[in-house]
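Below is start39.tsv, holding TSV, C-alpha atoms.
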```tsv
chain	number	residue	atom	x	y	z
A	396	MET	CA	-11.40	3.43	-28.15
A	397	ASP	CA	-11.83	4.56	-24.57
A	398	LYS	CA	-9.38	3.39	-21.92
A	399	ILE	CA	-9.25	2.66	-18.23
A	400	ILE	CA	-5.78	3.51	-16.94
A	401	ILE	CA	-3.95	2.58	-13.76
A	402	LYS	CA	-0.55	4.29	-13.42
A	403	SER	CA	2.32	3.08	-11.25
A	404	LEU	CA	0.47	0.54	-9.12
A	405	GLU	CA	3.07	-0.36	-6.50
A	406	ILE	CA	3.54	-4.06	-5.90
A	407	GLN	CA	5.95	-6.10	-3.82
A	408	THR	CA	6.98	-9.34	-5.48
A	409	THR	CA	9.60	-12.05	-5.54
A	410	ILE	CA	11.31	-11.63	-8.88
A	411	GLY	CA	14.73	-12.03	-10.42
A	412	VAL	CA	16.91	-14.19	-12.60
A	413	THR	CA	19.29	-15.19	-9.79
A	414	GLU	CA	18.36	-16.91	-6.56
A	415	GLU	CA	20.06	-14.09	-4.67
A	416	GLU	CA	17.80	-11.54	-6.36
A	417	ARG	CA	14.73	-13.62	-5.48
A	418	ASN	CA	15.74	-13.84	-1.79
A	419	ASN	CA	14.18	-10.44	-1.03
A	420	PRO	CA	10.86	-9.09	-2.27
A	421	GLN	CA	11.28	-6.19	-4.68
A	422	LYS	CA	9.17	-3.15	-5.40
A	423	LEU	CA	7.81	-2.90	-8.95
A	424	TYR	CA	5.36	-0.50	-10.56
A	425	VAL	CA	2.68	-1.59	-13.01
A	426	ASP	CA	0.90	0.59	-15.55
A	427	VAL	CA	-2.26	-0.81	-17.13
A	428	GLN	CA	-4.39	0.40	-20.03
A	429	ILE	CA	-7.61	-1.49	-20.66
A	430	GLU	CA	-9.59	-0.69	-23.79
A	431	LYS	CA	-13.29	-0.46	-23.04
A	432	GLU	CA	-16.20	1.51	-24.46
A	433	LEU	CA	-17.10	3.81	-21.58
A	434	TRP	CA	-19.96	5.83	-22.98
A	435	HIS	CA	-22.61	3.62	-21.38
A	436	ALA	CA	-20.99	3.86	-17.94
A	437	GLY	CA	-20.76	7.61	-18.42
A	438	GLN	CA	-24.51	7.72	-19.05
A	439	SER	CA	-25.66	5.21	-16.42
A	440	ASP	CA	-23.21	6.15	-13.64
A	441	THR	CA	-23.10	2.52	-12.48
A	442	ILE	CA	-20.07	0.32	-11.85
A	443	GLU	CA	-21.73	-2.60	-13.66
A	444	ASP	CA	-21.28	-0.75	-16.96
A	445	THR	CA	-17.52	-0.39	-16.64
A	446	ILE	CA	-14.53	-2.29	-15.28
A	447	ASP	CA	-13.89	-1.87	-11.58
A	448	TYR	CA	-10.26	-0.74	-11.43
A	449	ALA	CA	-10.00	-1.70	-7.76
A	450	THR	CA	-10.79	-5.28	-8.77
A	451	VAL	CA	-8.18	-5.05	-11.54
A	452	ALA	CA	-5.62	-3.97	-8.94
A	453	VAL	CA	-6.49	-6.97	-6.76
A	454	HIS	CA	-5.95	-9.31	-9.73
A	455	ILE	CA	-2.55	-7.73	-10.42
A	456	LYS	CA	-1.47	-8.04	-6.79
A	457	ASP	CA	-2.60	-11.69	-6.69
A	458	ILE	CA	-0.49	-12.46	-9.77
A	459	ALA	CA	2.47	-10.57	-8.30
A	460	ALA	CA	2.24	-12.76	-5.19
A	461	ARG	CA	3.69	-15.60	-7.29
A	462	THR	CA	7.43	-15.87	-7.92
A	463	HIS	CA	8.68	-14.86	-11.39
A	464	LYS	CA	12.16	-14.71	-12.85
A	465	LEU	CA	11.40	-12.11	-15.52
A	466	ILE	CA	9.31	-8.96	-15.60
A	467	GLU	CA	8.33	-10.11	-19.11
A	468	THR	CA	6.65	-13.17	-17.58
A	469	LEU	CA	4.87	-11.06	-14.98
A	470	ALA	CA	3.56	-8.73	-17.70
A	471	GLU	CA	2.32	-11.69	-19.79
A	472	ASN	CA	0.58	-13.25	-16.79
A	473	ILE	CA	-1.17	-9.98	-15.96
A	474	ALA	CA	-2.28	-9.45	-19.57
A	475	THR	CA	-3.60	-13.01	-19.85
A	476	ASP	CA	-5.55	-12.70	-16.61
A	477	LEU	CA	-7.12	-9.35	-17.48
A	478	LEU	CA	-8.18	-10.52	-20.95
A	479	LYS	CA	-9.71	-13.65	-19.43
A	480	ASN	CA	-11.53	-12.02	-16.51
A	481	PHE	CA	-12.67	-8.61	-17.77
A	482	PRO	CA	-14.76	-7.49	-20.76
A	483	THR	CA	-11.99	-6.05	-22.94
A	484	LYS	CA	-10.40	-6.89	-26.25
A	485	SER	CA	-7.03	-5.24	-25.60
A	486	VAL	CA	-4.70	-4.49	-22.69
A	487	THR	CA	-1.34	-2.78	-22.45
A	488	ILE	CA	0.84	-3.65	-19.48
A	489	LYS	CA	4.06	-1.91	-18.45
A	490	VAL	CA	6.12	-3.34	-15.60
A	491	LYS	CA	8.82	-1.04	-14.19
A	492	LYS	CA	11.68	-2.33	-12.05
A	493	PRO	CA	13.55	0.45	-10.22
A	494	SER	CA	16.38	-1.88	-9.19
A	495	GLY	CA	16.97	-3.35	-12.66
A	496	VAL	CA	20.04	-1.26	-13.51
A	497	PRO	CA	21.57	0.79	-10.68
A	498	GLU	CA	22.40	3.75	-12.93
A	499	ALA	CA	18.87	3.94	-14.38
A	500	LEU	CA	15.68	5.36	-12.91
A	501	TYR	CA	14.07	2.03	-13.83
A	502	THR	CA	14.03	-0.73	-16.43
A	503	ALA	CA	10.73	-1.79	-17.96
A	504	VAL	CA	8.85	-3.94	-20.40
A	505	GLU	CA	5.63	-2.95	-22.12
A	506	ILE	CA	3.36	-5.35	-23.94
A	507	THR	CA	0.01	-5.07	-25.69
A	508	ARG	CA	-2.17	-8.14	-26.03
A	509	ASN	CA	-5.51	-8.63	-27.75
A	510	ALA	CA	-8.29	-11.11	-27.06
```
As structure tokens, how would this structure be written, given the file I've shared?
Amino acid sequence: MDKIIIKSLEIQTTIGVTEEERNNPQKLYVDVQIEKELWHAGQSDTIEDTIDYATVAVHIKDIAARTHKLIETLAENIATDLLKNFPTKSVTIKVKKPSGVPEALYTAVEITRNA
């Protein structure tokens, strides 16, 4: 299956288990893989035959504008939205949190969901 991929989309969001953590917006990075047959778009050269990744990014940023306690919840909300609003049967979402563990480059969750 073909894929549309967005790597390391930077988002600012209110997230964290503790109230103190949620007091300041945090920078996260989101990777998205959307399964989609792309041969027709490759032939027609029209946006209507694919998924507009700029629109996907807007959806992700809109979801990130809400407060979440867990990056797992943010990933689930993104996956649910993309499956509902775009013509795909499968999405993989990875949410990376650079501030999750001070000694680590980042902490992350990755989920795959199917329609």
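Put simply, CA of Val425 in chain A is 24.3 Å away from CA of Asp444 in chain A.
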Report task. Compare A:Asn509, A:Gln438, A:Thr450, A:Thr462 by their minimum atom-to-atom distance to Gly411 in chain A, counting all atoms listed in the file, and give me the closest one. Result -> A:Thr462
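Using all atoms listed in the file, the residues found no farther than 10 Å from Lys402 in chain A, other than those of its own chain fewer than 4 positions away, are A:Tyr424, A:Val425, A:Asp426, A:Val427, A:Gln428, A:Lys489.
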**Report entry** Counting all atoms listed in the file, the residue of A:Ala510, A:Ala449, A:Lys464, A:Ile442 that sits nearest Val486 in chain A
**Finding:** A:Ala510
Query - Nearby residues (all atoms listed in the file) at most 7 Å from range 466-476 of chain A, same-chain spacing under 3 positions excluded, as number ranges by chain - result: A: 455, 458, 463, 479-480, 486, 488-490, 504, 508
